[in-house]
4 protein chains.
Amino acid sequence: MVITLRDDVTPDQRRAVEARLRAAGFQLVAAPDTAPVVLAAVGEGTMPSLADIRALPGVAAAAHIPEPFKLASRSFRQRSSIVTVGGVAFGGDDVVLMAGPCTIESEEQLVRTAQSVRAAGGRVMRGGAFKPRTSPYSFQGLGEEGLKLLRRVADAHGLLVISEIMDRSQIAMMAPYVDIFQVGARNMQNFSLLRDLGTVDRAVLVKRGLSATVDEWLMAAEYVMSGGNDRVLVCERGIRAYETYTRNTLDLNAVAVAKAISHLPVIVDPSHAAGVRDKVVPLARAAVAAGADGLLIEVHYDPERAICDGPQSLYPEQFTALAEQLRLIAAAVGRSL
Amino acid sequence: MVITLRDDVTPDQRRAVEARLRAAGFQLVAAPDTAPVVLAAVGEGTMPSLADIRALPGVAAAAHIPEPFKLASRSFRQRSSIVTVGGVAFGGDDVVLMAGPCTIESEEQLVRTAQSVRAAGGRVMRGGAFKPRTSPYSFQGLGEEGLKLLRRVADAHGLLVISEIMDRSQIAMMAPYVDIFQVGARNMQNFSLLRDLGTVDRAVLVKRGLSATVDEWLMAAEYVMSGGNDRVLVCERGIRAYETYTRNTLDLNAVAVAKAISHLPVIVDPSHAAGVRDKVVPLARAAVAAGADGLLIEVHYDPERAICDGPQSLYPEQFTALAEQLRLIAAAVGRSL
Amino acid sequence: MVITLRDDVTPDQRRAVEARLRAAGFQLVAAPDTAPVVLAAVGEGTMPSLADIRALPGVAAAAHIPEPFKLASRSFRQRSSIVTVGGVAFGGDDVVLMAGPCTIESEEQLVRTAQSVRAAGGRVMRGGAFKPRTSPYSFQGLGEEGLKLLRRVADAHGLLVISEIMDRSQIAMMAPYVDIFQVGARNMQNFSLLRDLGTVDRAVLVKRGLSATVDEWLMAAEYVMSGGNDRVLVCERGIRAYETYTRNTLDLNAVAVAKAISHLPVIVDPSHAAGVRDKVVPLARAAVAAGADGLLIEVHYDPERAICDGPQSLYPEQFTALAEQLRLIAAAVGRSL
Amino acid sequence: MVITLRDDVTPDQRRAVEARLRAAGFQLVAAPDTAPVVLAAVGEGTMPSLADIRALPGVAAAAHIPEPFKLASRSFRQRSSIVTVGGVAFGGDDVVLMAGPCTIESEEQLVRTAQSVRAAGGRVMRGGAFKPRTSPYSFQGLGEEGLKLLRRVADAHGLLVISEIMDRSQIAMMAPYVDIFQVGARNMQNFSLLRDLGTVDRAVLVKRGLSATVDEWLMAAEYVMSGGNDRVLVCERGIRAYETYTRNTLDLNAVAVAKAISHLPVIVDPSHAAGVRDKVVPLARAAVAAGADGLLIEVHYDPERAICDGPQSLYPEQFTALAEQLRLIAAAVGRSL
């Protein structure tokens, strides 16, 4: 249930409303930055009737939230959320570029790639230190040493850091190095991890699972938000379909749907959706045209020697040219980049 | 096999090359508008060795066509085809807008919609006279009377006509009324129909089946082309996935792939891919950003009263506003509209 | 709407009921072989209230048919239909084996395969004379000559004939040679064909499209039935999924669902669902265990030399061994074979 | 690479072979219970040529393992593995029944259900103490208290225990209570969890992810095996498709494929694949007919009051009747139950 309080609500009235819903088994969450106050009552209680709540002093309106997710829904927050991380705003006018290599390999790799990312207008650098490899025998990442490198290089270039976390046991170790925790598609329903990320002071980007519905994807965001962390970004990265020319199939329907039913910023990762470099460019353009709030793109200064995902990593000059096109497309849809 | 002849090939040499391949069981097709001459040898013969063919006088080069489709492949025609219909060029610089109602209902409906289509810069008017309805009890279309109306209204507004054909027995009757025969997704592998459309003097737009691979889709185009008709457009209209918020899932990966491996113009129908009006707009923008050569959009002057597909039909003013955005996006990717 | 008349209904009362519904825009269809009389009112009329119909003299009960298909639904016919073709009953106690080659190639091929089919207890012989080939350059079938051969060989071995029809223009030519018209997966929504098959005196087997929902599949059956032909079999043959080890993915959920919501016999084609011989055997067993009323299996006396589908065709001895296992499984689920 | 040693290999020769491959960067794993010795060399080293290895003294044969999974492949172990847990053998002649409630609710619930499971011939009891709920607000399970109850009740009825683990941090706590750790579909690529389960002295059942390929599924098993634990069962539980009548779509193709390319026992969970009780029965029968080595079924003594998955839980009497049919089907395919 979403309850809008009156402009002139008194503290006592607000407490009484909250107490009434807590007694019914709900937890109360106030929408940030809204006046008048908007509250969500979430949980597994016995929902009182709307009429009962509307009759309480200080209540301006009350309505059910029809979506299975609550804090992530537009029924709760009608304006799009702006998630701010280290001075970069996701969900506002700017379309945010995040880019970098699949895997952290070396300082040279990071420095040369960071220069390209920065030059093209990127704000956030990606790089994996722990890799969810399909094979147990594949390279699993440089671990904490890699994160140290990434942090240092990103700082030197004025970039923020996003990196993938694979298990809740890594939270404390990783937190000093990253600005945004990335939850991979394979972990989208690792509920233990999501729950713990609800209590950290970092933004969280939740990638959509390979066959997740939009509802399930936003429910994963809800897990994080239900723990108190509302700096959540959701990221479409391609679904599993039957075509073999590309790795996965970018689903821009899902971007349009998520923007309509949720207030959260929606990011698109065209690199994993395509799996081949020359398809990343048109899909990145399409994502911005469809309304994405940011892009997460694999770029490598020397893709032929990349340890992983080389075939889908853009060359620096491709990335620069793409950024120019994206700037025009963003303008066409009333955004900047 | 694709055989490039020398600039100075003599008619006798060319005849000898063709005779050699015909003897091996192949049919020869020359690429239109190319100098030097490029020939495709297609069919189920016993392929001679490349060395044998290359050794023939007058042959500059010979190579296998790795794709299962041959005449539709870029291995055969490296430059993108420009398909011209009544003065409108598909596959060139212009992104072509085709729009109109799902079903032809009345003259008033057509006139009012045609005005909108024309005003927004549309070049082709769509409208169904025979409807592939899932239920045998649903309205099946106005038939030839509808086509007459559509032709008259389109002519009066300087628009071309595209309309869906459901069975080969309708070809002769429909031909006077349409500029482009549309083959629906459900008929994409109605090989009897495709084969017969290979012999008509009309352009053919082949919609992709709901779960067709890109290869299968282009093979449907190949069926038409193998009959001698090379004015073929292919149209992505959404694939069947598991999401229930939208009718189908627009697959722009397929657009990027088809543009890379085929020379045919690729059209996108965002209306059927979305199924709900407010998602049609972002998907239409995304299609142009991804490189589509044209759009096929459902527009109705009064969607609430449309006999079919009302919820996915744009209002005229939405369509006009969309066309403005598309113009900017087309420019961003080096096209016009 | 389904209307059950009273045991003692008079002809005048029945006529009055029918007139009432016809006046409202509906067509009346009586369920075969039921006493008391059960009528379905189908079409696009303006449905009268149930109360109005129940109040008519001679009416015992009236209810809406919630399914989109009407004549094919169990809401209309609660008992499973038994479709009898040339003395073979589909949908009764017996699980019916239909088998034969993908494509008719020669008399020797047919004779040797027919012997195997007959010996293993098969009742119907399959064989394609018109092949829906993905490539226009592939062998397209022997045509009418093939059908003549198939009919003669089947007759000589006491087998019925099933063969695929690709276009409505083939109906008259094919009818003398076949007992069951097979509509292929690619033509499941070729509504022109389905409609015309509604008026022929032959049984029709409708294969499920590669990504058809159960509702769409049964709507295809409804098209045939709405024309007056109620000898319809529906056939599951695998859906398109993302796995590449097999050609398609057999969907036995759909068999269980179709048996529950429709009264029509449900056949399974494990050959196309598997695409590789050694997977056909376990899937055929699974189909009978799941409740299939018949199987359609590709068998060839010399699969290595088959023109098409050799890799998925069973060897005769495999088919014989399979039939033995199927007999035991049929018994386990209260059927015979 | 798989290396078969000679019958008369000396310990020194074996050490030399192993040293050669370790030097190349591989880890050596011996197949259990095979004579002569069969070794797998796994890892990311630089593979020596087959000729080099075959030339080493004591080597009878050497071959590459074409599958991406190695220890799980039939190329490594040609005979089907028999995984023994507390006296129950999976993968042998017996088809093993595992059943019980979705969620542990109470002692009464467990006792009454255990009686049914035991009476019908079940050997293992399932019951969730930690539930991977899509919503953070849903009941999350009784936790360790639930496991204690389940262990006690299972012991009292001579049943083993299988229960789902959601995070690696639960391993030590859960180990005393369970005989088989279940990894859920949503965690199939939680590689941190899989890796740690490779080092425990418990069997592990790995459910297939909702859109996992067979290769990815077996790679998840490989993760566990690469840690040294070869008591792994893999479990098909339905894939995500587009049909809405059932929860998921049981994929018996995958069972047939996994049995062919892996030596691991393959279990089927028809309850989650169907999602509705009356479809569980035919799918369970189909699974055994297709060659499943065991079934995992939800049974509840009072499904109407179940906290979760009530609609897909069988009534005890349904389960008993099903077990009777399964016994006959198992016999039909040369198994017992």
# chains A, B, ... in the order shown; residues from 1 in each chain; ligands from 1
$ closest_atom_pairs --of "chain B" --to "chain A" --cutoff "9 Å" --atoms "only C-alpha atoms" --output "Markdown table"
| residue | atom | partner | partner_atom | distance |
| --- | --- | --- | --- | --- |
| B:Ser211 | CA | A:Tyr242 | CA | 8.0 |
| B:Ala212 | CA | A:Glu243 | CA | 8.5 |
| B:Thr213 | CA | A:Glu243 | CA | 5.7 |
| B:Val214 | CA | A:Glu243 | CA | 7.3 |
| B:Ala241 | CA | A:Ala241 | CA | 7.8 |
| B:Tyr242 | CA | A:Thr213 | CA | 7.3 |
| B:Glu243 | CA | A:Thr213 | CA | 5.7 |
| B:Thr244 | CA | A:Thr213 | CA | 8.2 |
| B:Tyr245 | CA | A:Val257 | CA | 7.2 |
| B:Thr246 | CA | A:Asn253 | CA | 7.3 |
| B:Asn248 | CA | A:Asn253 | CA | 8.5 |
| B:Thr249 | CA | A:Asn253 | CA | 6.1 |
| B:Leu250 | CA | A:Asn253 | CA | 6.5 |
| B:Asp251 | CA | A:Thr249 | CA | 6.7 |
| B:Leu252 | CA | A:Leu250 | CA | 7.0 |
| B:Asn253 | CA | A:Thr249 | CA | 6.0 |
| B:Ala254 | CA | A:Thr249 | CA | 8.4 |
| B:Ala256 | CA | A:Lys279 | CA | 6.0 |
| B:Val257 | CA | A:Tyr245 | CA | 7.2 |
| B:Ala260 | CA | A:Lys279 | CA | 8.9 |
| B:Ala273 | CA | A:Asn253 | CA | 8.2 |
| B:Ala274 | CA | A:Asn253 | CA | 6.9 |
| B:Asp278 | CA | A:Ala256 | CA | 8.5 |
| B:Lys279 | CA | A:Ala256 | CA | 6.0 |
| B:Val281 | CA | A:Ala290 | CA | 8.2 |
| B:Pro282 | CA | A:Ala290 | CA | 4.4 |
| B:Leu283 | CA | A:Ala290 | CA | 5.9 |
| B:Ala284 | CA | A:Ala290 | CA | 8.1 |
| B:Arg285 | CA | A:Ala289 | CA | 5.4 |
| B:Ala286 | CA | A:Ala286 | CA | 4.0 |
| B:Ala287 | CA | A:Ala286 | CA | 6.4 |
| B:Val288 | CA | A:Ala286 | CA | 7.5 |
| B:Ala289 | CA | A:Ala286 | CA | 4.8 |
| B:Ala290 | CA | A:Pro282 | CA | 4.4 |
| B:Gly291 | CA | A:Pro282 | CA | 6.8 |
| B:Glu324 | CA | A:Ala332 | CA | 8.9 |
| B:Gln325 | CA | A:Ala332 | CA | 5.8 |
| B:Leu326 | CA | A:Ala332 | CA | 8.0 |
| B:Arg327 | CA | A:Ala332 | CA | 8.6 |
| B:Leu328 | CA | A:Ala332 | CA | 5.5 |
| B:Ile329 | CA | A:Ile329 | CA | 5.5 |
| B:Ala330 | CA | A:Ile329 | CA | 8.8 |
| B:Ala331 | CA | A:Leu328 | CA | 8.4 |
| B:Ala332 | CA | A:Leu328 | CA | 5.5 |
| B:Val333 | CA | A:Gln325 | CA | 6.8 |
$ residues_around --residues "stretch 70-81 of chain B" --least-positions-apart "2" --cutoff "7 Å" --atoms "only C-alpha atoms" --output "list in words"
Val2, Ala31, Ala40, Ile65, Glu67, Pro68, Val83, Gly91, Leu218, Ala221, Glu222, Met225, Ile261, Ser262, His263, Leu264 and Pro265 of chain B
$ write_last_selection --atoms "all heavy atoms" --output "CSV table (one decimal), in the first residue's frame"
chain,number,residue,atom,x,y,z
B,2,VAL,N,29.7,-17.9,-56.1
B,2,VAL,CA,29.6,-16.6,-56.7
B,2,VAL,C,30.8,-16.5,-57.6
B,2,VAL,O,32.0,-16.7,-57.2
B,2,VAL,CB,29.5,-15.5,-55.7
B,2,VAL,CG1,30.7,-15.5,-54.7
B,2,VAL,CG2,29.4,-14.1,-56.4
B,31,ALA,N,23.8,-10.7,-60.8
B,31,ALA,CA,23.5,-9.6,-59.9
B,31,ALA,C,23.1,-8.4,-60.7
B,31,ALA,O,23.8,-8.0,-61.7
B,31,ALA,CB,24.7,-9.2,-59.0
B,40,ALA,N,25.7,-15.7,-59.6
B,40,ALA,CA,25.5,-16.8,-58.6
B,40,ALA,C,25.1,-18.0,-59.3
B,40,ALA,O,24.2,-18.0,-60.2
B,40,ALA,CB,24.4,-16.3,-57.6
B,65,ILE,N,29.5,-19.5,-51.4
B,65,ILE,CA,28.6,-18.6,-50.6
B,65,ILE,C,28.4,-19.4,-49.3
B,65,ILE,O,27.7,-20.4,-49.4
B,65,ILE,CB,27.3,-18.3,-51.3
B,65,ILE,CG1,27.6,-17.5,-52.7
B,65,ILE,CG2,26.4,-17.4,-50.5
B,65,ILE,CD1,26.4,-17.2,-53.5
B,67,GLU,N,26.6,-18.8,-46.7
B,67,GLU,CA,25.3,-18.8,-46.1
B,67,GLU,C,24.4,-19.8,-46.8
B,67,GLU,O,24.6,-20.1,-48.0
B,67,GLU,CB,24.7,-17.4,-46.3
B,67,GLU,CG,25.4,-16.3,-45.5
B,67,GLU,CD,26.7,-15.8,-46.0
B,67,GLU,OE1,26.9,-16.0,-47.3
B,67,GLU,OE2,27.5,-15.2,-45.3
B,68,PRO,N,23.4,-20.3,-46.1
B,68,PRO,CA,22.4,-21.2,-46.8
B,68,PRO,C,21.6,-20.4,-47.9
B,68,PRO,O,21.2,-21.0,-48.8
B,68,PRO,CB,21.5,-21.7,-45.6
B,68,PRO,CG,21.7,-20.7,-44.5
B,68,PRO,CD,23.1,-20.1,-44.7
B,83,VAL,N,15.9,-1.1,-53.3
B,83,VAL,CA,14.7,-1.6,-53.9
B,83,VAL,C,13.8,-0.4,-54.1
B,83,VAL,O,13.3,0.2,-53.2
B,83,VAL,CB,14.0,-2.7,-52.9
B,83,VAL,CG1,12.6,-3.0,-53.4
B,83,VAL,CG2,14.9,-3.9,-52.8
B,91,GLY,N,16.4,1.1,-48.7
B,91,GLY,CA,17.8,0.6,-48.6
B,91,GLY,C,18.8,1.7,-49.0
B,91,GLY,O,20.0,1.4,-48.9
B,218,LEU,N,15.8,-15.2,-43.9
B,218,LEU,CA,16.4,-14.9,-45.2
B,218,LEU,C,16.2,-16.0,-46.2
B,218,LEU,O,16.2,-15.7,-47.5
B,218,LEU,CB,17.9,-14.6,-45.0
B,218,LEU,CG,18.1,-13.3,-44.2
B,218,LEU,CD1,19.6,-13.1,-43.8
B,218,LEU,CD2,17.7,-12.0,-45.0
B,221,ALA,N,13.1,-15.1,-47.9
B,221,ALA,CA,13.4,-14.1,-49.0
B,221,ALA,C,14.0,-14.8,-50.2
B,221,ALA,O,13.6,-14.5,-51.4
B,221,ALA,CB,14.3,-13.0,-48.5
B,222,GLU,N,14.8,-15.8,-50.0
B,222,GLU,CA,15.5,-16.5,-51.1
B,222,GLU,C,14.5,-17.2,-51.9
B,222,GLU,O,14.6,-17.3,-53.1
B,222,GLU,CB,16.5,-17.5,-50.5
B,222,GLU,CG,17.3,-18.2,-51.5
B,222,GLU,CD,18.5,-17.5,-52.0
B,222,GLU,OE1,18.8,-16.4,-51.4
B,222,GLU,OE2,19.2,-17.9,-52.9
B,225,MET,N,13.2,-14.7,-54.2
B,225,MET,CA,14.2,-14.3,-55.2
B,225,MET,C,14.6,-15.4,-56.2
B,225,MET,O,14.9,-15.1,-57.3
B,225,MET,CB,15.5,-13.9,-54.4
B,225,MET,CG,15.2,-12.7,-53.5
B,225,MET,SD,16.7,-12.2,-52.5
B,225,MET,CE,17.6,-11.2,-53.8
B,261,ILE,N,24.7,-9.7,-43.1
B,261,ILE,CA,24.9,-10.9,-43.9
B,261,ILE,C,24.1,-10.9,-45.1
B,261,ILE,O,24.2,-11.7,-46.0
B,261,ILE,CB,24.7,-12.2,-43.1
B,261,ILE,CG1,23.2,-12.3,-42.6
B,261,ILE,CG2,25.6,-12.3,-42.0
B,261,ILE,CD1,22.9,-13.5,-41.8
B,262,SER,N,23.2,-9.9,-45.2
B,262,SER,CA,22.3,-9.8,-46.4
B,262,SER,C,22.4,-8.4,-47.0
B,262,SER,O,22.6,-7.4,-46.2
B,262,SER,CB,20.9,-10.2,-46.1
B,262,SER,OG,20.0,-9.9,-47.2
B,263,HIS,N,22.1,-8.2,-48.3
B,263,HIS,CA,22.1,-6.9,-48.9
B,263,HIS,C,20.7,-6.3,-48.9
B,263,HIS,O,20.5,-5.2,-49.4
B,263,HIS,CB,22.7,-7.0,-50.3
B,263,HIS,CG,22.0,-8.0,-51.2
B,263,HIS,ND1,20.9,-7.7,-51.8
B,263,HIS,CD2,22.3,-9.3,-51.4
B,263,HIS,CE1,20.5,-8.8,-52.5
B,263,HIS,NE2,21.3,-9.8,-52.2
B,264,LEU,N,19.7,-7.1,-48.5
B,264,LEU,CA,18.3,-6.7,-48.6
B,264,LEU,C,18.0,-5.5,-47.6
B,264,LEU,O,18.5,-5.5,-46.5
B,264,LEU,CB,17.4,-7.8,-48.4
B,264,LEU,CG,17.5,-9.0,-49.4
B,264,LEU,CD1,16.6,-10.1,-49.0
B,264,LEU,CD2,17.1,-8.5,-50.8
B,265,PRO,N,17.1,-4.7,-48.0
B,265,PRO,CA,16.6,-3.7,-47.0
B,265,PRO,C,15.9,-4.4,-45.8
B,265,PRO,O,15.1,-5.3,-46.1
B,265,PRO,CB,15.6,-2.8,-47.8
B,265,PRO,CG,16.0,-3.0,-49.2
B,265,PRO,CD,16.5,-4.4,-49.3
$ residues_around --residues "C:Asp155" --least-positions-apart "5" --cutoff "10 Å" --atoms "only C-alpha atoms" --output "ChimeraX atom specification"
/C:114,125,149-150,160-161
$ residues_around --residues "C:Val88" --least-positions-apart "5" --cutoff "12 Å" --atoms "only C-alpha atoms" --output "ChimeraX atom specification"
/C:82-83,93-98,122-124,158-161,179-180,203,293-294,337
$ closest_residue --among "B:Gln318, B:Gly58, B:Arg151, B:Asp33" --to "B:Pro11" --atoms "only C-alpha atoms"
B:Gly58
$ select_by_dssp --residues "stretch 159-290 of chain C" --states "strand (DSSP E or B)" --output "MDAnalysis selection string"
chainID C and resid 160:165 180:183 203:207 232:236 239 249 262 266:268
$ select_by_dssp --residues "stretch 44-119 of chain B" --states "alpha helix (DSSP H)" --output "ChimeraX atom specification"
/B:50-54,107-119
$ residues_around --residues "stretch 132-141 of chain A" --least-positions-apart "5" --cutoff "8 Å" --atoms "only C-alpha atoms" --output "PyMOL selection string"
(chain A and resi 103-104+146+166) or (chain D and resi 42-44+68-69+189+191+216+219-220+222-223+226)
$ residues_around --residues "B:Pro303" --least-positions-apart "3" --cutoff "7 Å" --atoms "only C-alpha atoms" --output "list in words"
His300, Ala306, Gly310, Pro311, Ser313 and Tyr315 of chain B
$ atom_distance --atom1 "atom CA of A:Ile165" --atom2 "atom CA of A:His272"
17.2 Å
$ closest_residue --among "A:Leu197, A:Ala24, A:Ile3, A:Ala61" --to "A:Arg168" --atoms "only C-alpha atoms"
A:Leu197
$ residues_around --residues "B:Glu144" --least-positions-apart "6" --cutoff "8 Å" --atoms "only C-alpha atoms" --output "list in words"
Ala129, Met173 and Met174 of chain B
$ atom_distance --atom1 "atom CA of C:Gly228" --atom2 "atom CA of C:Gly198"
5.6 Å
$ atom_distance --atom1 "atom CA of B:Val38" --atom2 "atom CA of B:Asp201"
23.0 Å
